[in-house]
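Enquirer: structure-v8.cif is the file, holding mmCIF, C-alpha atoms:
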```cif
data_my_file
loop_
_atom_site.group_PDB
_atom_site.id
_atom_site.type_symbol
_atom_site.label_atom_id
_atom_site.label_comp_id
_atom_site.auth_asym_id
_atom_site.auth_seq_id
_atom_site.Cartn_x
_atom_site.Cartn_y
_atom_site.Cartn_z
ATOM 1 C CA MET J 1 111.624 36.859 -53.745
ATOM 2 C CA ILE J 2 111.033 39.098 -56.702
ATOM 3 C CA THR J 3 108.842 36.518 -58.439
ATOM 4 C CA ASP J 4 106.522 36.408 -55.425
ATOM 5 C CA GLU J 5 106.238 40.185 -55.431
ATOM 6 C CA LEU J 6 105.590 40.286 -59.180
ATOM 7 C CA ALA J 7 102.951 37.571 -58.907
ATOM 8 C CA ARG J 8 101.261 39.415 -56.032
ATOM 9 C CA ASN J 9 101.247 42.690 -57.980
ATOM 10 C CA ARG J 10 99.905 40.927 -61.080
ATOM 11 C CA ASP J 11 97.098 39.356 -59.062
ATOM 12 C CA GLU J 12 96.263 42.641 -57.348
ATOM 13 C CA TRP J 13 96.023 44.482 -60.687
ATOM 14 C CA ARG J 14 93.854 41.727 -62.141
ATOM 15 C CA HIS J 15 91.613 41.977 -59.088
ATOM 16 C CA ARG J 16 91.390 45.752 -59.519
ATOM 17 C CA ALA J 17 90.425 45.298 -63.164
ATOM 18 C CA GLU J 18 87.665 42.851 -62.228
ATOM 19 C CA LEU J 19 86.406 45.127 -59.467
ATOM 20 C CA LEU J 20 86.320 48.165 -61.744
ATOM 21 C CA SER J 21 84.498 46.179 -64.405
ATOM 22 C CA ALA J 22 81.890 45.126 -61.831
ATOM 23 C CA ILE J 23 81.446 48.732 -60.702
ATOM 24 C CA ALA J 24 80.917 49.864 -64.308
ATOM 25 C CA GLN J 25 78.330 47.124 -64.799
ATOM 26 C CA ALA J 26 76.562 48.151 -61.591
ATOM 27 C CA CYS J 27 76.414 51.765 -62.830
ATOM 28 C CA ARG J 28 74.697 50.582 -66.000
ATOM 29 C CA GLN J 29 72.108 48.618 -64.034
ATOM 30 C CA ILE J 30 70.930 51.505 -61.862
ATOM 31 C CA GLU J 31 67.377 52.360 -62.744
ATOM 32 C CA VAL J 32 66.562 56.052 -62.925
ATOM 33 C CA TRP J 33 63.250 57.791 -62.888
ATOM 34 C CA ASN J 34 61.521 59.167 -65.970
ATOM 35 C CA SER J 35 62.072 62.892 -65.644
ATOM 36 C CA PRO J 36 64.510 65.529 -66.862
ATOM 37 C CA THR J 37 66.600 65.005 -63.745
ATOM 38 C CA GLY J 38 66.450 61.240 -64.221
ATOM 39 C CA THR J 39 67.725 61.664 -67.767
ATOM 40 C CA VAL J 40 70.667 63.723 -66.542
ATOM 41 C CA VAL J 41 71.453 61.108 -63.899
ATOM 42 C CA ALA J 42 71.246 58.327 -66.492
ATOM 43 C CA ASP J 43 73.607 60.215 -68.803
ATOM 44 C CA ARG J 44 76.077 60.740 -65.962
ATOM 45 C CA LEU J 45 75.929 57.079 -64.986
ATOM 46 C CA VAL J 46 76.635 55.975 -68.544
ATOM 47 C CA SER J 47 79.512 58.447 -68.744
ATOM 48 C CA CYS J 48 80.932 57.230 -65.433
ATOM 49 C CA ALA J 49 80.561 53.594 -66.487
ATOM 50 C CA SER J 50 82.480 54.298 -69.690
ATOM 51 C CA ALA J 51 85.280 56.023 -67.782
ATOM 52 C CA ILE J 52 85.430 53.173 -65.279
ATOM 53 C CA ASP J 53 85.652 50.680 -68.165
ATOM 54 C CA VAL J 54 88.699 52.563 -69.445
ATOM 55 C CA LEU J 55 90.286 52.327 -65.992
ATOM 56 C CA SER J 56 89.460 48.624 -65.882
ATOM 57 C CA ASP J 57 91.174 48.069 -69.232
ATOM 58 C CA LYS J 58 94.243 49.977 -68.046
ATOM 59 C CA ALA J 59 94.401 47.943 -64.837
ATOM 60 C CA ALA J 60 94.135 44.721 -66.852
ATOM 61 C CA LYS J 61 97.006 45.879 -69.062
ATOM 62 C CA VAL J 62 99.151 46.633 -66.018
ATOM 63 C CA GLY J 63 98.374 43.111 -64.809
ATOM 64 C CA GLU J 64 99.445 41.746 -68.200
ATOM 65 C CA ALA J 65 102.685 43.734 -67.983
ATOM 66 C CA TYR J 66 103.408 42.257 -64.554
ATOM 67 C CA ASP J 67 102.670 38.814 -65.967
ATOM 68 C CA LEU J 68 105.123 39.353 -68.828
ATOM 69 C CA HIS J 69 107.757 40.656 -66.429
ATOM 70 C CA LEU J 70 107.181 37.647 -64.188
ATOM 71 C CA GLN J 71 107.648 35.288 -67.139
ATOM 72 C CA VAL J 72 110.887 36.973 -68.135
ATOM 73 C CA VAL J 73 112.250 36.963 -64.579
ATOM 74 C CA SER J 74 111.205 33.344 -64.084
ATOM 75 C CA VAL J 75 113.505 32.237 -66.903
ATOM 76 C CA GLY J 76 116.359 34.387 -65.627
ATOM 77 C CA GLY J 77 115.970 37.312 -68.011
ATOM 78 C CA ARG J 78 115.792 41.038 -67.431
ATOM 79 C CA ILE J 79 113.596 43.779 -68.790
ATOM 80 C CA GLN J 80 115.366 47.083 -69.284
ATOM 81 C CA ILE J 81 113.264 50.171 -69.632
#
```
Transcribe the structure of this file into structure tokens.
Expert:
Amino acid sequence: MITDELARNRDEWRHRAELLSAIAQACRQIEVWNSPTGTVVADRLVSCASAIDVLSDKAAKVGEAYDLHLQVVSVGGRIQI
């Protein structure tokens, strides 16, 4: 059924968002050494964590869109794009 597929997609996107958020948090927790190279690595990790956070937010929004679509379909409506 379409509702089962929409629910599965919603759950998968929510899971992706949670996973990406955890990865970003892990990047922030990596300890680097006190040296010029360590500073560069730390800067890169912070940059990567920020980019991953953006991806996490996008994945969460896709999950929300699937949830909205699921709600509309569940009551017999249609979304036209």
Enquirer: Within 12 Å of J:Met1, counting all atoms listed in the file, which residues qualify if same-chain residues fewer than 4 places away don't, as a PyMOL selection string?
Expert: chain J and resi 5-8+70+73-74
Enquirer: Care to translate the PyMOL selection byres ((chain J and resi 62) around 10) into actual residues of this file, as an NGL selection string?
Expert: :J and (9-10 or 12-14 or 17 or 56-61 or 63-68)
Enquirer: Would you output that residue set with C-alpha atoms, as a compact mmCIF listing (two decimals), in the frame of the given file?
Expert:
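Final output, again.txt:
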```txt
# COMPACT_ATOMS: atom_id res chain seq x y z
CA ASN J 9 101.25 42.69 -57.98
CA ARG J 10 99.90 40.93 -61.08
CA GLU J 12 96.26 42.64 -57.35
CA TRP J 13 96.02 44.48 -60.69
CA ARG J 14 93.85 41.73 -62.14
CA ALA J 17 90.42 45.30 -63.16
CA SER J 56 89.46 48.62 -65.88
CA ASP J 57 91.17 48.07 -69.23
CA LYS J 58 94.24 49.98 -68.05
CA ALA J 59 94.40 47.94 -64.84
CA ALA J 60 94.14 44.72 -66.85
CA LYS J 61 97.01 45.88 -69.06
CA GLY J 63 98.37 43.11 -64.81
CA GLU J 64 99.44 41.75 -68.20
CA ALA J 65 102.68 43.73 -67.98
CA TYR J 66 103.41 42.26 -64.55
CA ASP J 67 102.67 38.81 -65.97
CA LEU J 68 105.12 39.35 -68.83
```
Enquirer: Between J:Asp11, J:Val41, J:Ala51, J:Thr3, single out the one closest to J:Gln25, counting only C-alpha atoms.
Expert: J:Ala51
Enquirer: With only C-alpha atoms as the counted atoms, please give the residues lying no more than 12 Å from J:Gln29, apart from itself and same-chain residues fewer than 5 positions off, as a ChimeraX atom specification.
Expert: /J:22-24,42,45-46,49
Enquirer: Kindly give the distance, in Å, that separates atom CA of J:Leu20 and atom CA of J:Cys48, rounded to a single decimal.
Expert: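 So the answer is 11.2 Å.
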Enquirer: Figure out the distance between atom CA of J:Asp43 and atom CA of J:Glu31, please, to one decimal in Å.
Expert: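 Interatomic distance here is 11.7 Å.
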Enquirer: Fix up stretch 16-41 of chain J with N, CA, C and O atoms, then write it as a PDB file, in the frame of the given file.
Expert:
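File rebuild_29.pdb, as written:
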```pdb
ATOM      1  N   ARG J  16      91.876  44.383 -59.320  1.00  0.00           N
ATOM      2  CA  ARG J  16      91.390  45.752 -59.519  1.00  0.00           C
ATOM      3  C   ARG J  16      90.604  45.870 -60.822  1.00  0.00           C
ATOM      4  O   ARG J  16      89.557  46.528 -60.874  1.00  0.00           O
ATOM      5  N   ALA J  17      91.109  45.247 -61.869  1.00  0.00           N
ATOM      6  CA  ALA J  17      90.425  45.298 -63.164  1.00  0.00           C
ATOM      7  C   ALA J  17      89.042  44.664 -63.064  1.00  0.00           C
ATOM      8  O   ALA J  17      88.053  45.215 -63.572  1.00  0.00           O
ATOM      9  N   GLU J  18      88.959  43.524 -62.393  1.00  0.00           N
ATOM     10  CA  GLU J  18      87.665  42.851 -62.228  1.00  0.00           C
ATOM     11  C   GLU J  18      86.707  43.694 -61.392  1.00  0.00           C
ATOM     12  O   GLU J  18      85.514  43.809 -61.711  1.00  0.00           O
ATOM     13  N   LEU J  19      87.224  44.294 -60.332  1.00  0.00           N
ATOM     14  CA  LEU J  19      86.406  45.127 -59.467  1.00  0.00           C
ATOM     15  C   LEU J  19      85.878  46.350 -60.218  1.00  0.00           C
ATOM     16  O   LEU J  19      84.689  46.683 -60.136  1.00  0.00           O
ATOM     17  N   LEU J  20      86.747  46.996 -60.964  1.00  0.00           N
ATOM     18  CA  LEU J  20      86.320  48.165 -61.744  1.00  0.00           C
ATOM     19  C   LEU J  20      85.286  47.784 -62.787  1.00  0.00           C
ATOM     20  O   LEU J  20      84.309  48.517 -63.007  1.00  0.00           O
ATOM     21  N   SER J  21      85.471  46.643 -63.419  1.00  0.00           N
ATOM     22  CA  SER J  21      84.498  46.179 -64.405  1.00  0.00           C
ATOM     23  C   SER J  21      83.131  45.937 -63.748  1.00  0.00           C
ATOM     24  O   SER J  21      82.088  46.294 -64.305  1.00  0.00           O
ATOM     25  N   ALA J  22      83.144  45.362 -62.556  1.00  0.00           N
ATOM     26  CA  ALA J  22      81.890  45.126 -61.831  1.00  0.00           C
ATOM     27  C   ALA J  22      81.218  46.442 -61.451  1.00  0.00           C
ATOM     28  O   ALA J  22      79.987  46.567 -61.514  1.00  0.00           O
ATOM     29  N   ILE J  23      81.999  47.423 -61.052  1.00  0.00           N
ATOM     30  CA  ILE J  23      81.446  48.732 -60.702  1.00  0.00           C
ATOM     31  C   ILE J  23      80.801  49.380 -61.930  1.00  0.00           C
ATOM     32  O   ILE J  23      79.702  49.934 -61.846  1.00  0.00           O
ATOM     33  N   ALA J  24      81.476  49.298 -63.078  1.00  0.00           N
ATOM     34  CA  ALA J  24      80.917  49.864 -64.308  1.00  0.00           C
ATOM     35  C   ALA J  24      79.601  49.180 -64.657  1.00  0.00           C
ATOM     36  O   ALA J  24      78.624  49.841 -65.043  1.00  0.00           O
ATOM     37  N   GLN J  25      79.566  47.869 -64.513  1.00  0.00           N
ATOM     38  CA  GLN J  25      78.330  47.124 -64.799  1.00  0.00           C
ATOM     39  C   GLN J  25      77.222  47.539 -63.840  1.00  0.00           C
ATOM     40  O   GLN J  25      76.071  47.715 -64.247  1.00  0.00           O
ATOM     41  N   ALA J  26      77.558  47.725 -62.577  1.00  0.00           N
ATOM     42  CA  ALA J  26      76.562  48.151 -61.591  1.00  0.00           C
ATOM     43  C   ALA J  26      76.012  49.537 -61.935  1.00  0.00           C
ATOM     44  O   ALA J  26      74.813  49.792 -61.780  1.00  0.00           O
ATOM     45  N   CYS J  27      76.873  50.432 -62.421  1.00  0.00           N
ATOM     46  CA  CYS J  27      76.414  51.765 -62.830  1.00  0.00           C
ATOM     47  C   CYS J  27      75.385  51.668 -63.958  1.00  0.00           C
ATOM     48  O   CYS J  27      74.407  52.411 -63.976  1.00  0.00           O
ATOM     49  N   ARG J  28      75.621  50.739 -64.867  1.00  0.00           N
ATOM     50  CA  ARG J  28      74.697  50.582 -66.000  1.00  0.00           C
ATOM     51  C   ARG J  28      73.357  49.981 -65.581  1.00  0.00           C
ATOM     52  O   ARG J  28      72.367  50.133 -66.285  1.00  0.00           O
ATOM     53  N   GLN J  29      73.322  49.289 -64.471  1.00  0.00           N
ATOM     54  CA  GLN J  29      72.108  48.618 -64.034  1.00  0.00           C
ATOM     55  C   GLN J  29      71.238  49.468 -63.115  1.00  0.00           C
ATOM     56  O   GLN J  29      70.140  49.053 -62.763  1.00  0.00           O
ATOM     57  N   ILE J  30      71.717  50.637 -62.731  1.00  0.00           N
ATOM     58  CA  ILE J  30      70.930  51.505 -61.862  1.00  0.00           C
ATOM     59  C   ILE J  30      69.743  52.048 -62.647  1.00  0.00           C
ATOM     60  O   ILE J  30      69.900  52.599 -63.736  1.00  0.00           O
ATOM     61  N   GLU J  31      68.576  51.855 -62.091  1.00  0.00           N
ATOM     62  CA  GLU J  31      67.377  52.360 -62.744  1.00  0.00           C
ATOM     63  C   GLU J  31      67.119  53.793 -62.288  1.00  0.00           C
ATOM     64  O   GLU J  31      67.188  54.100 -61.107  1.00  0.00           O
ATOM     65  N   VAL J  32      66.834  54.650 -63.242  1.00  0.00           N
ATOM     66  CA  VAL J  32      66.562  56.052 -62.925  1.00  0.00           C
ATOM     67  C   VAL J  32      65.105  56.355 -63.239  1.00  0.00           C
ATOM     68  O   VAL J  32      64.435  55.609 -63.948  1.00  0.00           O
ATOM     69  N   TRP J  33      64.635  57.429 -62.692  1.00  0.00           N
ATOM     70  CA  TRP J  33      63.250  57.791 -62.888  1.00  0.00           C
ATOM     71  C   TRP J  33      63.071  58.545 -64.204  1.00  0.00           C
ATOM     72  O   TRP J  33      64.014  59.108 -64.745  1.00  0.00           O
ATOM     73  N   ASN J  34      61.850  58.548 -64.690  1.00  0.00           N
ATOM     74  CA  ASN J  34      61.521  59.167 -65.970  1.00  0.00           C
ATOM     75  C   ASN J  34      61.190  60.643 -65.748  1.00  0.00           C
ATOM     76  O   ASN J  34      60.047  61.019 -65.500  1.00  0.00           O
ATOM     77  N   SER J  35      62.226  61.453 -65.814  1.00  0.00           N
ATOM     78  CA  SER J  35      62.072  62.892 -65.644  1.00  0.00           C
ATOM     79  C   SER J  35      63.316  63.546 -66.219  1.00  0.00           C
ATOM     80  O   SER J  35      64.296  62.869 -66.523  1.00  0.00           O
ATOM     81  N   PRO J  36      63.294  64.860 -66.374  1.00  0.00           N
ATOM     82  CA  PRO J  36      64.510  65.529 -66.862  1.00  0.00           C
ATOM     83  C   PRO J  36      65.717  65.258 -65.958  1.00  0.00           C
ATOM     84  O   PRO J  36      66.821  65.006 -66.439  1.00  0.00           O
ATOM     85  N   THR J  37      65.499  65.287 -64.668  1.00  0.00           N
ATOM     86  CA  THR J  37      66.600  65.005 -63.745  1.00  0.00           C
ATOM     87  C   THR J  37      67.060  63.560 -63.888  1.00  0.00           C
ATOM     88  O   THR J  37      68.265  63.272 -63.872  1.00  0.00           O
ATOM     89  N   GLY J  38      66.112  62.652 -64.031  1.00  0.00           N
ATOM     90  CA  GLY J  38      66.450  61.240 -64.221  1.00  0.00           C
ATOM     91  C   GLY J  38      67.275  61.022 -65.475  1.00  0.00           C
ATOM     92  O   GLY J  38      68.211  60.205 -65.482  1.00  0.00           O
ATOM     93  N   THR J  39      66.961  61.762 -66.521  1.00  0.00           N
ATOM     94  CA  THR J  39      67.725  61.664 -67.767  1.00  0.00           C
ATOM     95  C   THR J  39      69.158  62.131 -67.567  1.00  0.00           C
ATOM     96  O   THR J  39      70.102  61.508 -68.055  1.00  0.00           O
ATOM     97  N   VAL J  40      69.321  63.211 -66.828  1.00  0.00           N
ATOM     98  CA  VAL J  40      70.667  63.723 -66.542  1.00  0.00           C
ATOM     99  C   VAL J  40      71.444  62.695 -65.721  1.00  0.00           C
ATOM    100  O   VAL J  40      72.621  62.412 -66.008  1.00  0.00           O
ATOM    101  N   VAL J  41      70.802  62.120 -64.725  1.00  0.00           N
ATOM    102  CA  VAL J  41      71.453  61.108 -63.899  1.00  0.00           C
ATOM    103  C   VAL J  41      71.845  59.905 -64.753  1.00  0.00           C
ATOM    104  O   VAL J  41      72.963  59.383 -64.644  1.00  0.00           O
TER     105      VAL J  41
END
```
